[in-house]
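Novice: Following this line is input27.txt, made up of compact mmCIF, N, CA and C atoms:
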# COMPACT_ATOMS: atom_id res chain seq x y z
N MET S 1 -17.10 39.03 1.85
CA MET S 1 -17.21 37.62 2.10
C MET S 1 -18.15 37.39 3.27
N LYS S 2 -18.95 36.37 3.13
CA LYS S 2 -19.95 36.06 4.13
C LYS S 2 -19.77 34.62 4.62
N ILE S 3 -19.83 34.44 5.93
CA ILE S 3 -19.76 33.09 6.47
C ILE S 3 -21.10 32.41 6.23
N LEU S 4 -21.04 31.25 5.61
CA LEU S 4 -22.25 30.49 5.28
C LEU S 4 -22.53 29.44 6.34
N GLY S 5 -21.48 28.89 6.94
CA GLY S 5 -21.67 27.87 7.95
C GLY S 5 -20.42 27.64 8.76
N ILE S 6 -20.62 27.29 10.02
CA ILE S 6 -19.51 26.89 10.88
C ILE S 6 -19.87 25.56 11.54
N GLY S 7 -18.86 24.78 11.85
CA GLY S 7 -19.09 23.52 12.52
C GLY S 7 -17.91 23.18 13.39
N VAL S 8 -18.18 22.51 14.48
CA VAL S 8 -17.14 22.09 15.40
C VAL S 8 -17.46 20.67 15.86
N ASP S 9 -16.42 19.90 16.13
CA ASP S 9 -16.63 18.55 16.63
C ASP S 9 -15.46 18.16 17.53
N ILE S 10 -15.76 17.31 18.50
CA ILE S 10 -14.74 16.76 19.39
C ILE S 10 -14.94 15.25 19.43
N VAL S 11 -13.83 14.52 19.41
CA VAL S 11 -13.86 13.06 19.37
C VAL S 11 -12.98 12.52 20.49
N GLU S 12 -13.47 11.50 21.17
CA GLU S 12 -12.64 10.82 22.15
C GLU S 12 -11.71 9.87 21.38
N ASN S 13 -10.43 10.04 21.52
CA ASN S 13 -9.46 9.27 20.73
C ASN S 13 -9.57 7.76 20.95
N LYS S 14 -9.94 7.34 22.16
CA LYS S 14 -10.10 5.91 22.45
C LYS S 14 -11.13 5.27 21.52
N ARG S 15 -12.18 6.00 21.25
CA ARG S 15 -13.24 5.49 20.37
C ARG S 15 -12.69 5.21 18.97
N ILE S 16 -11.91 6.13 18.45
CA ILE S 16 -11.34 5.95 17.11
C ILE S 16 -10.25 4.88 17.15
N GLN S 17 -9.49 4.81 18.24
CA GLN S 17 -8.45 3.79 18.37
C GLN S 17 -9.04 2.39 18.22
N LYS S 18 -10.20 2.17 18.82
CA LYS S 18 -10.87 0.87 18.69
C LYS S 18 -11.39 0.68 17.27
N SER S 19 -11.98 1.71 16.71
CA SER S 19 -12.61 1.61 15.38
C SER S 19 -11.62 1.35 14.26
N ILE S 20 -10.44 1.97 14.33
CA ILE S 20 -9.49 1.82 13.21
C ILE S 20 -8.83 0.45 13.16
N LYS S 21 -9.07 -0.35 14.17
CA LYS S 21 -8.59 -1.73 14.12
C LYS S 21 -9.38 -2.54 13.10
N ASN S 22 -10.56 -2.03 12.75
CA ASN S 22 -11.42 -2.67 11.76
C ASN S 22 -11.15 -2.05 10.39
N PRO S 23 -10.58 -2.81 9.46
CA PRO S 23 -10.27 -2.25 8.13
C PRO S 23 -11.51 -1.75 7.38
N LEU S 24 -12.66 -2.34 7.66
CA LEU S 24 -13.90 -1.88 7.00
C LEU S 24 -14.28 -0.48 7.46
N PHE S 25 -14.04 -0.18 8.73
CA PHE S 25 -14.30 1.16 9.24
C PHE S 25 -13.45 2.18 8.49
N LYS S 26 -12.15 1.90 8.40
CA LYS S 26 -11.25 2.83 7.72
C LYS S 26 -11.63 3.00 6.26
N LYS S 27 -12.01 1.92 5.62
CA LYS S 27 -12.38 1.98 4.20
C LYS S 27 -13.68 2.78 3.98
N ARG S 28 -14.58 2.71 4.97
CA ARG S 28 -15.87 3.41 4.86
C ARG S 28 -15.75 4.90 5.17
N ILE S 29 -14.80 5.27 6.04
CA ILE S 29 -14.70 6.65 6.52
C ILE S 29 -13.66 7.48 5.78
N TYR S 30 -12.53 6.89 5.43
CA TYR S 30 -11.40 7.67 4.92
C TYR S 30 -11.16 7.41 3.44
N SER S 31 -10.76 8.46 2.73
CA SER S 31 -10.47 8.35 1.30
C SER S 31 -9.16 7.59 1.08
N SER S 32 -8.95 7.18 -0.14
CA SER S 32 -7.70 6.46 -0.44
C SER S 32 -6.48 7.35 -0.20
N GLU S 33 -6.60 8.64 -0.47
CA GLU S 33 -5.49 9.56 -0.22
C GLU S 33 -5.22 9.71 1.28
N GLU S 34 -6.28 9.78 2.07
CA GLU S 34 -6.10 9.88 3.52
C GLU S 34 -5.45 8.61 4.07
N LEU S 35 -5.87 7.47 3.56
CA LEU S 35 -5.28 6.20 4.01
C LEU S 35 -3.81 6.13 3.61
N LYS S 36 -3.51 6.59 2.39
CA LYS S 36 -2.12 6.61 1.91
C LYS S 36 -1.26 7.53 2.78
N GLN S 37 -1.80 8.71 3.08
CA GLN S 37 -1.08 9.68 3.88
C GLN S 37 -0.85 9.17 5.32
N SER S 38 -1.76 8.33 5.81
CA SER S 38 -1.63 7.81 7.18
C SER S 38 -0.38 6.95 7.34
N ASN S 39 0.13 6.41 6.24
CA ASN S 39 1.33 5.58 6.30
C ASN S 39 2.58 6.38 6.66
N THR S 40 2.50 7.70 6.53
CA THR S 40 3.67 8.54 6.80
C THR S 40 3.68 9.11 8.21
N VAL S 41 2.65 8.83 9.02
CA VAL S 41 2.57 9.41 10.37
C VAL S 41 2.82 8.33 11.43
N ASN S 42 3.39 8.75 12.53
CA ASN S 42 3.65 7.82 13.63
C ASN S 42 2.42 7.60 14.50
N ASN S 43 1.71 8.69 14.82
CA ASN S 43 0.56 8.59 15.72
C ASN S 43 -0.72 8.41 14.89
N LYS S 44 -1.04 7.18 14.59
CA LYS S 44 -2.20 6.87 13.74
C LYS S 44 -3.51 7.26 14.41
N VAL S 45 -3.61 7.08 15.71
CA VAL S 45 -4.85 7.40 16.42
C VAL S 45 -5.15 8.89 16.29
N ALA S 46 -4.17 9.73 16.55
CA ALA S 46 -4.38 11.18 16.43
C ALA S 46 -4.71 11.55 14.99
N TYR S 47 -4.01 10.96 14.03
CA TYR S 47 -4.24 11.25 12.62
C TYR S 47 -5.70 10.95 12.23
N PHE S 48 -6.15 9.74 12.54
CA PHE S 48 -7.51 9.35 12.15
C PHE S 48 -8.57 10.07 12.98
N SER S 49 -8.30 10.33 14.24
CA SER S 49 -9.26 11.04 15.10
C SER S 49 -9.49 12.47 14.62
N LYS S 50 -8.40 13.16 14.29
CA LYS S 50 -8.54 14.54 13.82
C LYS S 50 -9.33 14.61 12.52
N ARG S 51 -9.09 13.67 11.63
CA ARG S 51 -9.82 13.66 10.37
C ARG S 51 -11.29 13.31 10.56
N PHE S 52 -11.56 12.40 11.48
CA PHE S 52 -12.95 12.06 11.78
C PHE S 52 -13.68 13.31 12.30
N ALA S 53 -13.06 14.01 13.23
CA ALA S 53 -13.66 15.24 13.77
C ALA S 53 -13.83 16.29 12.68
N ALA S 54 -12.86 16.39 11.77
CA ALA S 54 -12.94 17.37 10.68
C ALA S 54 -14.11 17.07 9.74
N LYS S 55 -14.37 15.81 9.48
CA LYS S 55 -15.48 15.42 8.62
C LYS S 55 -16.82 15.74 9.29
N GLU S 56 -16.91 15.46 10.58
CA GLU S 56 -18.12 15.79 11.34
C GLU S 56 -18.34 17.30 11.38
N ALA S 57 -17.28 18.05 11.63
CA ALA S 57 -17.39 19.51 11.69
C ALA S 57 -17.85 20.08 10.35
N PHE S 58 -17.32 19.53 9.26
CA PHE S 58 -17.71 20.01 7.93
C PHE S 58 -19.19 19.74 7.66
N SER S 59 -19.66 18.56 8.04
CA SER S 59 -21.08 18.24 7.81
C SER S 59 -21.98 19.18 8.62
N LYS S 60 -21.51 19.61 9.78
CA LYS S 60 -22.27 20.57 10.60
C LYS S 60 -22.23 21.96 9.96
N ALA S 61 -21.09 22.34 9.40
CA ALA S 61 -20.98 23.63 8.72
C ALA S 61 -21.92 23.68 7.52
N LEU S 62 -22.11 22.55 6.87
CA LEU S 62 -23.06 22.48 5.75
C LEU S 62 -24.48 22.69 6.22
N GLY S 63 -24.72 22.31 7.46
CA GLY S 63 -26.07 22.44 8.02
C GLY S 63 -26.96 21.26 7.69
N THR S 64 -26.38 20.22 7.12
CA THR S 64 -27.19 19.07 6.71
C THR S 64 -26.81 17.79 7.43
N GLY S 65 -25.62 17.74 7.98
CA GLY S 65 -25.12 16.48 8.48
C GLY S 65 -24.86 15.55 7.30
N PHE S 66 -24.90 14.27 7.55
CA PHE S 66 -24.64 13.31 6.48
C PHE S 66 -25.96 12.90 5.82
N ARG S 67 -26.50 13.84 5.05
CA ARG S 67 -27.72 13.61 4.27
C ARG S 67 -27.41 13.98 2.83
N MET S 68 -28.43 13.93 2.00
CA MET S 68 -28.29 14.33 0.59
C MET S 68 -27.17 13.53 -0.09
N ASN S 69 -27.09 12.26 0.25
CA ASN S 69 -26.11 11.37 -0.37
C ASN S 69 -24.66 11.74 -0.03
N LEU S 70 -24.46 12.48 1.06
CA LEU S 70 -23.11 12.84 1.51
C LEU S 70 -22.62 11.77 2.47
N ASN S 71 -21.41 11.28 2.24
CA ASN S 71 -20.84 10.32 3.19
C ASN S 71 -19.43 10.77 3.59
N PHE S 72 -18.89 10.10 4.59
CA PHE S 72 -17.60 10.49 5.16
C PHE S 72 -16.49 10.57 4.11
N LYS S 73 -16.45 9.61 3.19
CA LYS S 73 -15.36 9.59 2.21
C LYS S 73 -15.43 10.78 1.24
N ASP S 74 -16.60 11.40 1.11
CA ASP S 74 -16.73 12.57 0.23
C ASP S 74 -15.96 13.77 0.77
N ILE S 75 -15.78 13.80 2.08
CA ILE S 75 -15.08 14.90 2.74
C ILE S 75 -13.64 14.43 2.98
N GLU S 76 -12.72 15.02 2.22
CA GLU S 76 -11.33 14.58 2.29
C GLU S 76 -10.46 15.67 2.91
N VAL S 77 -9.63 15.26 3.87
CA VAL S 77 -8.73 16.18 4.57
C VAL S 77 -7.30 15.76 4.28
N VAL S 78 -6.52 16.68 3.72
CA VAL S 78 -5.10 16.44 3.47
C VAL S 78 -4.31 17.62 4.02
N ASN S 79 -3.00 17.52 3.99
CA ASN S 79 -2.14 18.59 4.48
C ASN S 79 -1.29 19.15 3.36
N ASN S 80 -1.05 20.46 3.42
CA ASN S 80 -0.14 21.05 2.44
C ASN S 80 1.30 20.78 2.87
N LYS S 81 2.26 21.28 2.13
CA LYS S 81 3.67 21.00 2.39
C LYS S 81 4.13 21.50 3.76
N MET S 82 3.46 22.52 4.27
CA MET S 82 3.81 23.08 5.58
C MET S 82 3.08 22.35 6.72
N GLY S 83 2.19 21.42 6.36
CA GLY S 83 1.46 20.65 7.37
C GLY S 83 0.06 21.16 7.66
N LYS S 84 -0.32 22.28 7.03
CA LYS S 84 -1.64 22.85 7.28
C LYS S 84 -2.72 21.93 6.67
N PRO S 85 -3.72 21.55 7.48
CA PRO S 85 -4.78 20.70 6.94
C PRO S 85 -5.80 21.53 6.15
N TYR S 86 -6.37 20.90 5.14
CA TYR S 86 -7.42 21.58 4.38
C TYR S 86 -8.36 20.55 3.78
N TYR S 87 -9.56 21.03 3.44
CA TYR S 87 -10.56 20.19 2.78
C TYR S 87 -10.29 20.20 1.28
N VAL S 88 -10.38 19.05 0.66
CA VAL S 88 -10.23 18.94 -0.78
C VAL S 88 -11.57 19.25 -1.43
N LYS S 89 -11.56 20.23 -2.35
CA LYS S 89 -12.79 20.53 -3.09
C LYS S 89 -12.97 19.48 -4.17
N ASN S 90 -14.13 18.86 -4.19
CA ASN S 90 -14.43 17.91 -5.25
C ASN S 90 -15.80 18.25 -5.83
N LYS S 91 -16.18 17.56 -6.89
CA LYS S 91 -17.44 17.88 -7.58
C LYS S 91 -18.66 17.72 -6.68
N LYS S 92 -18.67 16.66 -5.90
CA LYS S 92 -19.85 16.39 -5.05
C LYS S 92 -20.02 17.46 -3.97
N ILE S 93 -18.93 17.80 -3.29
CA ILE S 93 -18.98 18.83 -2.25
C ILE S 93 -19.38 20.17 -2.86
N THR S 94 -18.77 20.51 -3.99
CA THR S 94 -19.08 21.76 -4.68
C THR S 94 -20.55 21.84 -5.02
N LYS S 95 -21.09 20.77 -5.57
CA LYS S 95 -22.51 20.73 -5.96
C LYS S 95 -23.42 20.91 -4.74
N ILE S 96 -23.11 20.23 -3.64
CA ILE S 96 -23.92 20.34 -2.43
C ILE S 96 -23.89 21.76 -1.88
N ILE S 97 -22.71 22.36 -1.79
CA ILE S 97 -22.59 23.72 -1.26
C ILE S 97 -23.30 24.72 -2.17
N GLN S 98 -23.10 24.59 -3.48
CA GLN S 98 -23.76 25.51 -4.41
C GLN S 98 -25.27 25.40 -4.31
N LYS S 99 -25.78 24.19 -4.15
CA LYS S 99 -27.23 23.98 -4.05
C LYS S 99 -27.77 24.49 -2.71
N ASN S 100 -27.10 24.12 -1.61
CA ASN S 100 -27.58 24.51 -0.28
C ASN S 100 -27.56 26.01 -0.05
N PHE S 101 -26.49 26.66 -0.48
CA PHE S 101 -26.31 28.08 -0.18
C PHE S 101 -26.60 29.00 -1.37
N LYS S 102 -26.91 28.41 -2.51
CA LYS S 102 -27.24 29.16 -3.73
C LYS S 102 -26.15 30.18 -4.06
N ILE S 103 -24.94 29.66 -4.15
CA ILE S 103 -23.77 30.47 -4.47
C ILE S 103 -22.93 29.73 -5.50
N LYS S 104 -22.01 30.45 -6.12
CA LYS S 104 -21.12 29.80 -7.09
C LYS S 104 -19.75 29.54 -6.51
N ASN S 105 -19.19 30.52 -5.82
CA ASN S 105 -17.82 30.40 -5.32
C ASN S 105 -17.78 30.38 -3.80
N PHE S 106 -16.90 29.56 -3.26
CA PHE S 106 -16.81 29.43 -1.81
C PHE S 106 -15.40 29.01 -1.42
N LYS S 107 -15.12 29.20 -0.14
CA LYS S 107 -13.85 28.74 0.45
C LYS S 107 -14.20 27.98 1.72
N CYS S 108 -13.35 27.00 2.03
CA CYS S 108 -13.51 26.23 3.25
C CYS S 108 -12.25 26.40 4.09
N PHE S 109 -12.44 26.51 5.38
CA PHE S 109 -11.32 26.64 6.30
C PHE S 109 -11.42 25.56 7.36
N LEU S 110 -10.27 25.08 7.81
CA LEU S 110 -10.23 23.99 8.77
C LEU S 110 -9.12 24.20 9.77
N SER S 111 -9.43 23.97 11.03
CA SER S 111 -8.42 23.93 12.08
C SER S 111 -8.66 22.66 12.88
N ILE S 112 -7.60 21.87 13.07
CA ILE S 112 -7.72 20.64 13.85
C ILE S 112 -6.66 20.63 14.94
N SER S 113 -6.98 19.96 16.04
CA SER S 113 -6.05 19.88 17.15
C SER S 113 -6.32 18.61 17.95
N ASP S 114 -5.31 18.17 18.70
CA ASP S 114 -5.53 17.01 19.54
C ASP S 114 -4.71 17.11 20.81
N GLU S 115 -5.18 16.40 21.79
CA GLU S 115 -4.47 16.18 23.05
C GLU S 115 -4.49 14.69 23.29
N LYS S 116 -4.01 14.24 24.40
CA LYS S 116 -3.91 12.82 24.66
C LYS S 116 -5.25 12.09 24.47
N ASN S 117 -6.32 12.62 25.03
CA ASN S 117 -7.60 11.92 25.04
C ASN S 117 -8.60 12.38 23.99
N TYR S 118 -8.41 13.57 23.42
CA TYR S 118 -9.42 14.13 22.52
C TYR S 118 -8.80 14.77 21.28
N SER S 119 -9.60 14.77 20.21
CA SER S 119 -9.26 15.51 19.00
C SER S 119 -10.44 16.41 18.67
N THR S 120 -10.14 17.56 18.12
CA THR S 120 -11.19 18.52 17.81
C THR S 120 -10.94 19.16 16.44
N ALA S 121 -12.03 19.62 15.84
CA ALA S 121 -11.92 20.29 14.54
C ALA S 121 -12.94 21.42 14.47
N PHE S 122 -12.56 22.46 13.75
CA PHE S 122 -13.41 23.62 13.53
C PHE S 122 -13.41 23.91 12.03
N ALA S 123 -14.60 24.00 11.45
CA ALA S 123 -14.75 24.23 10.00
C ALA S 123 -15.55 25.49 9.73
N ILE S 124 -15.16 26.20 8.68
CA ILE S 124 -15.90 27.37 8.21
C ILE S 124 -16.07 27.26 6.71
N ILE S 125 -17.28 27.56 6.25
CA ILE S 125 -17.55 27.68 4.81
C ILE S 125 -17.97 29.13 4.59
N GLN S 126 -17.32 29.79 3.61
CA GLN S 126 -17.68 31.19 3.33
C GLN S 126 -17.69 31.45 1.84
N THR S 127 -18.37 32.52 1.47
CA THR S 127 -18.37 32.92 0.06
C THR S 127 -16.99 33.48 -0.25
N SER S 128 -16.61 33.41 -1.55
CA SER S 128 -15.29 33.96 -1.91
C SER S 128 -15.44 35.05 -2.94
Any chance you could put this one into structure tokens?
Specialist:
Amino acid sequence: MKILGIGVDIVENKRIQKSIKNPLFKKRIYSSEELKQSNTVNNKVAYFSKRFAAKEAFSKALGTGFRMNLNFKDIEVVNNKMGKPYYVKNKKITKIIQKNFKIKNFKCFLSISDEKNYSTAFAIIQTS
């Protein structure tokens, strides 16, 4: 297995706290599943901040940022039953990774964390 890309991002939670007050921001950045899942958490700021950082980290791991018709909603972060966050593989992401790295199979890894003032995310894309 070979690492194809890594990305890291840090977000000031205050910035996201202000932004999520705008429903258009949330609709533009987060998928319907992420918005639905947000209803089950108490700390909305941490929830949305960590996902914002995860989306930024993933775009950096791709090495393209938000280009090639990639937008925030294309990158979806959900949690498994144990609470572990992961990126949802979809057709658009798969196509971009296969084209950029000229590979067929890949895995994505995600680690997110937060403290009072900041949220951070670390993403890895590797061949499988």
Novice: Could you check how far atom N of Asp74 in chain S sits from CA of Ile29 in chain S, in Å to one decimal?
Specialist: 7.4 Å
Novice: With all atoms listed in the file as the atoms that count, which of S:Asn117, S:Gly7, S:Lys2, S:Gln126 lies nearest to Lys60 in chain S?
Specialist: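 The answer is S:Gly7, which sits nearest to Lys60 in chain S.
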Novice: I want to know what sits within 12 Å of Lys95 in chain S, based on only C-alpha atoms, with residues of the same chain fewer than 5 positions away left out; could you give that as a PyMOL selection string?
Specialist: chain S and resi 62+68-70+74+89-90+100-106
Novice: So that I can check the secondary structure, give me every residue of chain S assigned helix (DSSP H, G or I) by backbone DSSP, as number ranges by chain.
Specialist: S: 13-19, 23-29, 32-38, 44-62, 72-74, 91-101
Novice: Nearest residue to Phe72 in chain S out of S:Ser128, S:Gln37, S:Gln98, S:Ser31, using all atoms listed in the file?
Specialist: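 Closest to Phe72 in chain S of all the choices is S:Ser31.
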Novice: Kindly indicate which residue among S:Ser19, S:Val41, S:Tyr47, S:Tyr118 lies nearest to Val77 in chain S, using only C-alpha atoms for the distances.
Specialist: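 Among the listed residues, S:Tyr47 lies closest to Val77 in chain S.
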Novice: Between S:Glu34, S:Thr40, S:Val45, S:Lys116, single out the one closest to Lys18 in chain S, counting all atoms listed in the file.
Specialist: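 Closest candidate: S:Val45.
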Novice: Tell me which of S:Ser113, S:Thr94, S:Thr127, S:Thr64 sits closest to Ala46 in chain S, counting all atoms listed in the file.
Specialist: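 When distances to Ala46 in chain S are compared using all atoms listed in the file, the smallest one comes from S:Ser113.
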Novice: Between CA of Asn71 in chain S and CA of Lys55 in chain S, what distance in Å does the model show, to one decimal?
Specialist: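 Between CA of Asn71 in chain S and CA of Lys55 in chain S the gap is 9.2 Å.
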